[in-house]
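Next comes upload29.txt, with compact mmCIF, C-alpha atoms.
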```txt
# COMPACT_ATOMS: atom_id res chain seq x y z
CA MET A 1 20.05 -3.58 32.39
CA GLU A 2 21.07 -3.96 28.74
CA LYS A 3 22.11 -1.42 26.13
CA VAL A 4 21.07 -1.12 22.51
CA GLN A 5 24.12 -0.87 20.27
CA ILE A 6 23.60 2.76 19.24
CA THR A 7 23.27 6.00 21.23
CA PRO A 8 19.85 7.50 22.08
CA ARG A 9 20.65 10.49 19.89
CA GLY A 10 21.66 8.18 17.06
CA ILE A 11 18.47 6.15 17.43
CA LYS A 12 16.29 9.26 17.23
CA ARG A 13 18.24 10.50 14.22
CA THR A 14 17.84 7.13 12.55
CA LEU A 15 14.10 7.09 13.17
CA GLN A 16 13.29 10.78 12.79
CA LYS A 17 11.21 10.21 9.65
CA PHE A 18 8.65 8.21 11.65
CA ASP A 19 5.74 10.38 12.78
CA ALA A 20 3.36 9.37 15.55
CA LEU A 21 0.88 7.53 13.28
CA GLN A 22 3.62 5.64 11.44
CA SER A 23 5.15 4.68 14.77
CA VAL A 24 1.86 3.31 16.11
CA ALA A 25 1.45 1.28 12.92
CA GLU A 26 4.88 -0.31 13.53
CA TYR A 27 3.64 -1.79 16.82
CA VAL A 28 0.58 -3.21 15.10
CA TRP A 29 2.86 -4.79 12.49
CA ASN A 30 5.00 -6.22 15.30
CA GLY A 31 1.92 -8.06 16.52
CA PHE A 32 1.02 -9.50 13.12
CA ASP A 33 4.69 -10.36 12.54
CA ALA A 34 4.52 -12.40 15.75
CA GLY A 35 1.74 -14.55 14.33
CA ALA A 36 -1.14 -12.62 15.88
CA THR A 37 -4.62 -12.83 14.39
CA ARG A 38 -5.98 -10.12 16.67
CA VAL A 39 -4.45 -6.75 17.56
CA GLU A 40 -6.25 -4.28 19.82
CA LEU A 41 -5.47 -0.59 20.34
CA SER A 42 -6.92 1.34 23.27
CA ILE A 43 -6.45 5.05 23.97
CA GLY A 44 -6.59 6.09 27.63
CA ARG A 45 -7.97 9.54 28.48
CA ASN A 46 -7.27 11.89 31.37
CA GLU A 47 -9.88 13.94 33.24
CA LEU A 48 -9.69 16.69 30.62
CA GLY A 49 -10.33 14.25 27.77
CA GLY A 50 -6.79 14.31 26.41
CA ALA A 51 -4.94 11.15 25.42
CA GLU A 52 -2.56 10.05 28.18
CA SER A 53 -1.79 6.46 27.24
CA LEU A 54 -1.99 3.97 24.40
CA VAL A 55 -2.11 0.19 24.69
CA VAL A 56 -1.38 -2.17 21.79
CA LYS A 57 -2.23 -5.78 22.61
CA ASP A 58 -1.86 -8.87 20.42
CA ASN A 59 -2.36 -12.64 20.66
CA GLY A 60 0.90 -13.55 18.93
CA TYR A 61 3.63 -15.84 20.20
CA GLY A 62 5.26 -13.22 22.40
CA ILE A 63 8.94 -12.36 22.76
CA PRO A 64 10.93 -15.35 24.06
CA ARG A 65 13.36 -14.27 26.77
CA SER A 66 16.21 -16.05 24.97
CA GLY A 67 15.65 -13.86 21.90
CA LEU A 68 15.37 -10.57 23.75
CA ALA A 69 18.91 -9.42 22.90
CA HIS A 70 18.23 -10.01 19.21
CA LYS A 71 14.95 -8.09 19.35
CA PHE A 72 16.24 -5.07 21.26
CA LYS A 73 20.02 -5.03 21.62
CA ILE A 74 21.03 -5.59 17.99
CA PHE A 75 19.16 -2.58 16.73
CA TYR A 76 20.97 -1.23 13.71
CA GLU A 77 24.55 -1.19 12.52
CA SER A 78 24.69 2.48 11.59
CA GLU A 79 22.95 5.78 12.20
CA LYS A 80 21.66 6.05 8.64
CA GLN A 81 18.10 7.32 8.57
CA ILE A 82 15.36 4.76 8.00
CA ASP A 83 12.52 5.88 5.74
CA PRO A 84 9.23 4.13 6.66
CA GLY A 85 8.08 4.62 3.06
CA SER A 86 10.99 2.78 1.47
CA ARG A 87 11.35 -0.33 3.59
CA PRO A 88 10.81 -3.43 1.44
CA ARG A 89 8.00 -5.79 2.36
CA LYS A 90 8.78 -9.14 0.79
CA SER A 91 5.93 -10.93 2.50
CA SER A 92 2.56 -9.65 3.59
CA THR A 93 2.95 -11.29 7.00
CA MET A 94 6.53 -10.20 7.72
CA HIS A 95 7.01 -6.47 8.06
CA GLY A 96 9.38 -5.60 10.91
CA LYS A 97 13.10 -6.16 11.07
CA ASN A 98 15.79 -6.00 13.76
CA GLY A 99 13.62 -4.29 16.37
CA ILE A 100 13.32 -1.09 14.35
CA GLY A 101 9.63 -0.60 15.13
CA ARG A 102 10.08 -1.20 18.86
CA LEU A 103 11.94 2.07 19.40
CA THR A 104 9.82 4.44 17.32
CA PHE A 105 7.60 5.24 20.30
CA HIS A 106 9.82 8.20 21.16
CA SER A 107 7.89 10.16 18.51
CA PHE A 108 4.72 10.19 20.63
CA ALA A 109 5.40 8.82 24.16
CA SER A 110 7.98 9.09 26.93
CA GLN A 111 7.90 5.48 28.07
CA ALA A 112 7.03 2.04 26.73
CA THR A 113 6.42 -1.14 28.71
CA TRP A 114 6.12 -4.58 27.15
CA LYS A 115 4.27 -7.31 29.05
CA THR A 116 4.86 -10.43 27.02
CA THR A 117 3.95 -14.10 27.39
CA TYR A 118 5.64 -16.83 25.36
CA SER A 119 5.72 -20.60 25.23
CA ASP A 120 8.75 -22.40 26.65
CA GLY A 121 8.07 -26.03 25.93
CA LEU A 122 4.89 -26.96 27.77
CA THR A 123 5.06 -23.91 30.03
CA HIS A 124 4.01 -20.34 29.35
CA MET A 125 6.40 -17.71 30.69
CA ASN A 126 5.78 -14.01 31.32
CA TYR A 127 8.12 -11.05 31.86
CA THR A 128 8.27 -7.28 31.41
CA ILE A 129 10.51 -4.92 29.39
CA ARG A 130 10.75 -1.16 29.93
CA ILE A 131 12.36 1.59 27.87
CA ALA A 132 12.28 5.37 28.39
CA SER A 133 12.48 7.74 25.41
CA ASP A 134 15.41 9.69 26.88
CA THR A 135 17.45 6.50 27.35
CA LEU A 136 16.57 4.54 24.22
CA ASP A 137 19.91 2.75 24.34
CA THR A 138 18.96 1.07 27.63
CA TYR A 139 16.20 -1.39 28.46
CA GLU A 140 15.21 -3.17 31.66
CA ALA A 141 13.84 -6.69 31.61
CA THR A 142 12.54 -8.75 34.50
CA GLU A 143 13.16 -12.45 34.91
CA PRO A 144 10.44 -14.67 33.41
CA THR A 145 7.94 -16.44 35.61
CA ALA A 146 5.46 -19.21 34.85
CA THR A 147 1.91 -18.14 34.03
CA GLU A 148 -1.43 -19.57 32.96
CA ALA A 149 -1.99 -16.69 30.54
CA GLN A 150 -2.15 -17.20 26.78
CA THR A 151 0.76 -16.11 24.63
CA GLY A 152 0.82 -12.55 23.37
CA THR A 153 2.25 -9.10 24.01
CA GLU A 154 0.78 -5.96 25.52
CA VAL A 155 2.68 -2.71 24.95
CA ILE A 156 1.76 0.25 27.16
CA PHE A 157 2.82 3.73 26.07
CA GLU A 158 2.63 6.39 28.77
CA HIS A 159 3.10 10.15 29.05
CA LEU A 160 2.00 10.85 25.50
CA HIS A 161 3.33 14.09 24.06
CA ARG A 162 1.42 13.83 20.76
CA GLU A 163 -2.36 13.87 20.62
CA LEU A 164 -3.79 10.71 19.05
CA GLU A 165 -7.24 11.44 17.68
CA PRO A 166 -9.26 8.24 17.09
CA GLU A 167 -10.51 9.53 13.72
CA ASP A 168 -7.00 10.29 12.45
CA LEU A 169 -5.67 7.00 13.79
CA ALA A 170 -8.53 5.01 12.23
CA HIS A 171 -8.00 6.66 8.86
CA TYR A 172 -4.26 6.03 8.88
CA LEU A 173 -4.65 2.43 10.05
CA SER A 174 -7.22 1.83 7.29
CA ARG A 175 -4.70 2.96 4.67
CA GLU A 176 -1.99 0.88 6.32
CA PHE A 177 -3.89 -2.35 7.02
CA GLY A 178 -7.05 -2.35 4.87
CA TRP A 179 -5.45 -4.43 2.11
CA PHE A 180 -3.90 -6.76 4.72
CA LEU A 181 -7.16 -7.34 6.60
CA GLU A 182 -8.90 -8.03 3.31
CA LEU A 183 -6.20 -10.54 2.43
CA HIS A 184 -6.73 -12.41 5.70
CA ALA A 185 -10.46 -11.82 6.13
CA ALA A 186 -11.28 -15.52 5.76
CA SER A 187 -8.73 -16.35 8.48
CA GLY A 188 -10.47 -14.08 10.96
CA PHE A 189 -7.72 -11.47 11.35
CA GLU A 190 -8.89 -8.50 13.42
CA LEU A 191 -7.65 -5.02 14.18
CA LEU A 192 -9.64 -3.21 16.86
CA LEU A 193 -9.53 0.43 17.95
CA ASN A 194 -11.11 1.19 21.32
CA GLY A 195 -13.01 -2.08 21.19
CA GLU A 196 -14.44 -1.61 17.69
CA PRO A 197 -13.22 -3.49 14.58
CA LEU A 198 -11.38 -1.17 12.22
CA ASP A 199 -13.83 -0.18 9.47
CA TYR A 200 -11.75 0.28 6.32
CA SER A 201 -14.82 0.14 4.07
CA ARG A 202 -14.69 3.94 3.78
CA LEU A 203 -11.60 3.47 1.61
CA VAL A 204 -13.27 0.94 -0.69
CA ALA A 205 -14.49 2.76 -3.79
CA GLU A 206 -15.53 -0.43 -5.60
CA ARG A 207 -15.55 -4.14 -4.81
CA VAL A 208 -16.23 -6.89 -7.34
CA ARG A 209 -16.35 -10.61 -6.64
CA MET A 210 -16.37 -13.06 -9.50
CA GLU A 211 -15.44 -16.61 -10.49
CA LEU A 212 -13.35 -17.60 -13.48
CA GLU A 213 -12.85 -21.04 -14.93
CA HIS A 214 -10.26 -22.39 -17.32
CA GLU A 215 -12.58 -24.88 -18.97
CA PRO A 216 -10.00 -27.25 -20.55
CA SER A 217 -8.49 -28.02 -17.14
CA ARG A 218 -11.61 -27.18 -15.09
CA THR A 219 -9.49 -24.92 -12.93
CA ARG A 220 -11.56 -22.45 -10.96
CA PHE A 221 -10.46 -19.07 -9.61
CA HIS A 222 -12.26 -17.01 -6.98
CA VAL A 223 -11.43 -13.36 -7.58
CA THR A 224 -12.03 -10.21 -5.52
CA PHE A 225 -11.18 -6.86 -7.09
CA ILE A 226 -11.01 -3.73 -4.94
CA ARG A 227 -10.45 -0.17 -6.04
CA TRP A 228 -9.29 2.05 -3.19
CA GLN A 229 -10.35 5.66 -2.71
CA GLU A 230 -6.82 6.61 -1.64
CA ARG A 231 -3.27 5.41 -2.02
CA ILE A 232 -2.41 2.46 0.21
CA ASN A 233 0.48 3.09 2.58
CA GLN A 234 3.71 1.55 1.27
CA GLU A 235 1.90 -1.15 -0.72
CA TYR A 236 1.69 -1.21 -4.50
CA SER A 237 -1.40 -2.16 -6.45
CA ARG A 238 -0.89 -5.91 -6.32
CA LEU A 239 -2.18 -9.35 -7.16
CA TYR A 240 -2.39 -11.68 -4.16
CA PHE A 241 -2.43 -15.42 -4.82
CA LEU A 242 -4.03 -17.70 -2.21
CA ASP A 243 -4.21 -21.48 -2.13
CA SER A 244 -7.30 -23.54 -1.37
CA ALA A 245 -6.60 -23.16 2.37
CA ARG A 246 -6.77 -19.37 1.87
CA GLN A 247 -3.09 -18.97 2.67
CA GLU A 248 -1.09 -16.39 0.73
CA ARG A 249 1.42 -18.05 -1.57
CA HIS A 250 2.70 -15.12 -3.61
CA LYS A 251 2.10 -11.47 -4.47
CA GLN A 252 3.22 -9.23 -7.31
CA PRO A 253 2.43 -5.74 -8.70
CA THR A 254 -0.31 -5.58 -11.28
CA THR A 255 0.53 -4.44 -14.81
CA PHE A 256 -1.47 -1.27 -14.09
CA ASN A 257 0.52 -0.31 -11.01
CA ASN A 258 2.14 3.11 -10.76
CA LYS A 259 0.64 4.56 -13.93
CA GLY A 260 0.24 8.02 -12.42
CA ASP A 261 -3.56 7.91 -12.47
CA ALA A 262 -4.59 7.36 -8.80
CA PHE A 263 -6.19 4.06 -9.85
CA TYR A 264 -5.27 2.25 -6.64
CA HIS A 265 -6.38 -1.36 -6.61
CA SER A 266 -5.85 -4.83 -5.17
CA VAL A 267 -6.84 -8.19 -6.64
CA TYR A 268 -7.15 -11.31 -4.47
CA ILE A 269 -7.15 -14.65 -6.31
CA ARG A 270 -7.87 -17.97 -4.59
CA SER A 271 -7.49 -21.32 -6.34
CA LYS A 272 -6.48 -24.91 -5.75
CA LEU A 273 -4.03 -24.32 -8.61
CA PHE A 274 -1.75 -22.51 -6.16
CA ASP A 275 -1.58 -25.39 -3.65
CA HIS A 276 1.51 -26.68 -5.47
CA PHE A 277 2.50 -23.88 -7.77
CA ASP A 278 6.00 -22.77 -8.70
CA PHE A 279 5.89 -18.97 -8.88
CA MET A 280 9.65 -18.62 -9.22
CA SER A 281 10.39 -20.98 -12.08
CA GLN A 282 11.08 -19.56 -15.54
CA ASP A 283 10.51 -22.97 -17.13
CA GLN A 284 9.28 -22.32 -20.66
CA TYR A 285 8.38 -25.79 -21.78
CA GLY A 286 6.67 -27.34 -18.76
CA GLN A 287 9.50 -29.85 -18.24
CA GLN A 288 9.71 -29.07 -14.51
CA GLU A 289 5.99 -29.16 -13.82
CA LEU A 290 5.92 -32.90 -13.14
CA SER A 291 8.46 -32.42 -10.36
CA PHE A 292 7.59 -29.03 -8.92
CA GLY A 293 3.94 -28.42 -9.83
CA LEU A 294 2.49 -26.00 -12.36
CA SER A 295 4.39 -22.86 -13.33
CA ARG A 296 3.66 -19.45 -14.84
CA LYS A 297 3.84 -21.01 -18.31
CA SER A 298 0.90 -23.31 -17.65
CA GLU A 299 -2.28 -22.76 -19.63
CA PRO A 300 -4.53 -22.14 -16.58
CA TYR A 301 -2.19 -19.44 -15.29
CA THR A 302 -1.89 -17.81 -18.71
CA TYR A 303 -5.68 -17.78 -19.00
CA LEU A 304 -5.97 -16.27 -15.50
CA MET A 305 -3.55 -13.43 -16.15
CA GLU A 306 -5.25 -12.50 -19.41
CA ALA A 307 -8.63 -12.42 -17.66
CA ILE A 308 -7.32 -10.40 -14.70
CA ASN A 309 -5.61 -7.85 -16.94
CA GLN A 310 -8.82 -7.46 -18.92
CA LEU A 311 -10.81 -7.02 -15.70
CA ILE A 312 -8.49 -4.27 -14.44
CA HIS A 313 -8.47 -2.60 -17.87
CA ASP A 314 -12.27 -2.60 -17.97
CA LYS A 315 -12.44 -1.07 -14.48
CA ARG A 316 -9.74 1.50 -15.17
CA LYS A 317 -11.24 2.87 -18.39
CA PRO A 318 -14.36 4.55 -16.88
CA PHE A 319 -12.26 5.71 -13.93
CA LEU A 320 -9.90 7.55 -16.29
CA ARG A 321 -12.81 9.07 -18.20
CA SER A 322 -14.23 10.58 -15.02
CA SER A 323 -10.78 11.62 -13.79
CA ALA A 324 -10.06 13.44 -17.06
CA ASP A 325 -12.67 16.07 -16.18
CA ALA A 326 -10.80 16.74 -12.94
CA VAL A 327 -7.57 17.17 -14.93
CA ILE A 328 -9.22 19.83 -17.12
CA ALA A 329 -10.47 21.64 -14.01
CA ASP A 330 -7.01 21.50 -12.44
CA LEU A 331 -5.37 22.92 -15.56
CA ALA A 332 -7.97 25.70 -15.76
CA GLU A 333 -7.35 26.59 -12.10
CA ALA A 334 -3.63 26.82 -12.86
CA GLY A 335 -4.34 29.26 -15.68
CA ALA A 336 -2.93 26.84 -18.25
CA PHE A 337 -5.43 27.57 -21.04
CA PRO A 338 -4.96 30.56 -23.34
CA ASP A 339 -6.63 33.78 -22.21
CA GLU A 340 -9.69 34.12 -24.46
CA THR A 341 -9.88 37.86 -23.76
CA GLN A 342 -6.42 38.26 -25.25
CA GLU A 343 -6.82 35.58 -27.92
CA PRO A 344 -10.46 35.49 -29.12
CA GLU A 345 -9.73 32.66 -31.54
CA ALA A 346 -8.65 30.47 -28.60
CA ALA A 347 -12.30 30.03 -27.64
CA SER A 348 -13.02 28.14 -30.86
CA ARG A 349 -10.02 25.85 -30.32
CA LYS A 350 -10.73 25.14 -26.67
CA PRO A 351 -13.21 22.22 -27.12
CA GLU A 352 -10.74 20.39 -29.35
CA LEU A 353 -7.84 21.19 -27.02
CA GLU A 354 -9.74 19.86 -24.00
CA GLN A 355 -10.68 16.69 -25.86
CA VAL A 356 -7.06 16.09 -26.88
CA ILE A 357 -5.93 16.57 -23.26
CA LYS A 358 -8.59 14.16 -21.98
CA THR A 359 -7.57 11.55 -24.53
CA LEU A 360 -3.90 12.04 -23.72
CA TYR A 361 -4.67 11.59 -20.04
CA ARG A 362 -6.59 8.36 -20.62
CA ILE A 363 -3.66 6.98 -22.63
CA GLU A 364 -0.73 8.28 -20.57
CA PRO A 365 -1.80 9.81 -17.21
CA ARG A 366 1.80 10.32 -16.11
CA MET A 367 2.12 13.18 -18.60
CA PHE A 368 -0.05 15.27 -16.27
CA THR A 369 1.25 14.22 -12.84
CA ARG A 370 3.61 16.14 -10.59
CA LEU A 371 3.60 19.24 -12.79
CA ASN A 372 4.04 22.62 -11.21
CA PRO A 373 1.87 25.54 -12.50
CA GLU A 374 4.53 26.70 -14.96
CA GLN A 375 4.89 23.21 -16.43
CA LYS A 376 1.11 22.86 -16.73
CA ARG A 377 0.89 26.12 -18.64
CA ALA A 378 3.83 25.21 -20.89
CA LEU A 379 2.34 21.81 -21.78
CA VAL A 380 -1.11 23.17 -22.60
CA ARG A 381 0.26 26.11 -24.59
CA MET A 382 2.51 23.79 -26.59
CA LEU A 383 -0.44 21.53 -27.48
CA ASP A 384 -2.54 24.56 -28.39
CA LEU A 385 0.14 26.01 -30.65
CA LEU A 386 0.67 22.71 -32.43
CA LEU A 387 -3.05 22.26 -32.92
CA GLU A 388 -3.29 25.78 -34.30
CA SER A 389 -0.46 25.26 -36.75
CA ALA A 390 -0.06 22.76 -39.54
CA SER A 391 2.01 20.47 -37.31
CA ARG A 392 -0.71 17.99 -36.41
CA GLU A 393 0.93 15.03 -38.11
CA ARG A 394 4.22 15.82 -36.39
CA LEU A 395 2.39 16.19 -33.06
CA ALA A 396 0.69 12.82 -33.56
CA THR A 397 4.08 11.22 -34.29
CA VAL A 398 5.80 12.81 -31.29
CA LEU A 399 3.02 11.97 -28.85
CA GLY A 400 2.75 8.46 -30.24
CA GLY A 401 6.42 7.89 -29.54
CA MET A 402 5.97 8.98 -25.92
CA MET A 403 3.20 6.50 -25.20
CA GLU A 404 3.28 2.86 -24.24
CA THR A 405 -0.30 2.16 -25.26
CA SER A 406 -1.64 1.03 -28.59
CA GLY A 407 -5.21 0.20 -29.51
CA PRO A 408 -8.51 2.12 -29.50
CA GLU A 409 -7.29 5.01 -27.34
CA ARG A 410 -4.27 5.58 -29.56
CA ARG A 411 -6.46 5.53 -32.69
CA GLU A 412 -8.87 7.97 -31.01
CA LEU A 413 -6.02 10.42 -30.46
CA GLU A 414 -4.85 10.11 -34.07
CA GLU A 415 -8.38 10.79 -35.29
CA LEU A 416 -8.64 13.86 -33.07
CA LEU A 417 -5.42 15.26 -34.45
CA LEU A 418 -5.69 14.27 -38.11
CA VAL A 419 -9.39 14.10 -38.95
CA PRO A 420 -11.16 17.48 -39.18
CA GLY A 421 -14.19 17.72 -36.92
CA ALA A 422 -13.45 14.42 -35.16
CA HIS A 423 -13.80 16.09 -31.76
CA SER A 424 -17.27 17.45 -32.35
```
Any chance you could give the structure as structure tokens?
Amino acid sequence: MEKVQITPRGIKRTLQKFDALQSVAEYVWNGFDAGATRVELSIGRNELGGAESLVVKDNGYGIPRSGLAHKFKIFYESEKQIDPGSRPRKSSTMHGKNGIGRLTFHSFASQATWKTTYSDGLTHMNYTIRIASDTLDTYEATEPTATEAQTGTEVIFEHLHRELEPEDLAHYLSREFGWFLELHAASGFELLLNGEPLDYSRLVAERVRMELEHEPSRTRFHVTFIRWQERINQEYSRLYFLDSARQERHKQPTTFNNKGDAFYHSVYIRSKLFDHFDFMSQDQYGQQELSFGLSRKSEPYTYLMEAINQLIHDKRKPFLRSSADAVIADLAEAGAFPDETQEPEAASRKPELEQVIKTLYRIEPRMFTRLNPEQKRALVRMLDLLLESASRERLATVLGGMMETSGPERRELEELLLVPGAHS
């Protein structure tokens, strides 16, 4: 019997921000972290139809007995809370760290049992690990025995004290793993729930596949763009770069990430260019390319990024136009517009005011995010007062200084503010 180097109370305090769905997702990540290409979840029901057990099974490389102490005993050096939403993910295929996810089961079950098979040279070995939620600092492990079974791990959670509805679990897992399954679709990665492949297509608002070619170098790029209906769990809107073997080589946020507009997207780019590509080099003159392969300064890469940014821009523009109507409706519901019964002249200004707000939203959506009702009313009333007064040029200057964007949208706003009748 071994002890984790922190008390049960300390472990629960450290992991108290993990709810049941987040905890289940950790065990799925543990499987993919272990090199699995297939993870299965099965919910066991009692006679009354309630959930009584959950099994998470993967075909990864298992937990070698020699590394058990590292996986379970060295848990965490302090009792500082761990926020599942702020843990960095440097690689799409490496999520877990220091056994953190292996103890989150206390949020939904009373006991967890690991049945794991690993390779020890030419022999496969199998053993079992058990942990109870009221003694999280202690685990029991049997001695390994030889087996003919394939490598992998099966985790059995018993005595569930949180109901796990398949619909809720499927929705959460889609938000957590949809982008990941799409990334590895060509490699046959699978995530199954009660025997059925996870269908994350309900979260796909738009999917576009296209090919690009940098003609001077004849470099081809296979591109898949996806716009998601909802925010992806703990994953920014990113570009994923894959080599010709469809292996991920690098990922980075898109230039349209975190703009406050709910335009959640992923772009997957596959090319032979990335077989020997230096993503980290800041070489400006191509002097290192002969030794280390092409870099970000190469012409094919520059062409690619310009084309991808244009693609995302073209997809985002109609999305913002349709979303602007929802912003107007939200502001009206908050009572942000002037009361026309008290201010009859406000009715004549309202079309122009709404058009200015829509244009502002398309240029700088963050101006309208995370505002409480009082802030919404203050912002709209300020714009209305400035439109009513002779301060339009000053308003155009102030708003222009607050925005990052230049171009047609910026000129449209200036016309609305400075050219009489431009909104009609």
Go through A:Arg202, A:Lys358, A:Arg175, A:Arg321 one by one, measure the shortest atom-to-atom distance of each to Glu235 in chain A using only C-alpha atoms, and give the residue with the smallest value. A:Arg175
Residue contacts of Leu273 in chain A (12 Å, all atoms listed in the file) excluding same-chain residues fewer than 2 positions away, as a PyMOL selection string: chain A and resi 213-214+217-222+241-246+249+269-271+275-279+293-296+298-301+304
Show which residues sit within 8 Å of range 34-36 of chain A, as a count of residues only. Count all atoms listed in the file, and ignore same-chain residues fewer than 6 positions away. 6
Return the single residue from A:Ala141, A:Ala146, A:Ala132, A:Ala262 that is closest to Thr117 in chain A, with distances computed using only C-alpha atoms.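 Comparing A:Ala141, A:Ala146, A:Ala132, A:Ala262 against Thr117 in chain A, the winner is A:Ala146.
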Measuring atom to atom with all atoms listed in the file, identify which of A:Phe337, A:Thr255, A:Gln375, A:Lys317 is nearest to Thr359 in chain A. A:Lys317
Just to confirm, what's the straight-line distance from CA of Ala326 in chain A to CA of Ile363 in chain A in Å (one decimal)?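 That distance, rounded to one decimal, is 15.5 Å.
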Which of these, A:Glu364, A:Asp384, A:Glu206, A:Asp134, has the shortest distance to Asp339 in chain A once you count all atoms listed in the file?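 Result for the nearest residue to Asp339 in chain A: A:Asp384.
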Mind giving me the straight-line distance from CA of Gly44 in chain A to CA of Leu191 in chain A in Å, one decimal?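 The value is 17.5 Å.
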Residues near Val155 in chain A, cut-off 6 Å, all atoms listed in the file, skip fewer than 5 positions along chain, as a ChimeraX atom specification: /A:55-56,113-114
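Across the model, the gap from CA of Leu181 in chain A to CA of Pro197 in chain A is 10.7 Å.
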For Val356 in chain A, which of A:Leu387, A:Leu192, A:Leu371, A:Val208 is the closest residue, counting only C-alpha atoms?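 Smallest separation from Val356 in chain A among the options: A:Leu387.
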May I ask which of the residues A:Tyr172, A:Phe274, A:Phe189, A:Tyr139 is the closest one to Ala25 in chain A, counting only C-alpha atoms?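 When distances to Ala25 in chain A are compared using only C-alpha atoms, the smallest one comes from A:Tyr172.
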Show me, as a ChimeraX atom specification, the residues that have an atom within 12 Å of Asn258 in chain A when counting only C-alpha atoms, minus same-chain residues fewer than 3 positions from it. /A:231-232,235-238,253-255,261-265,364-366,369
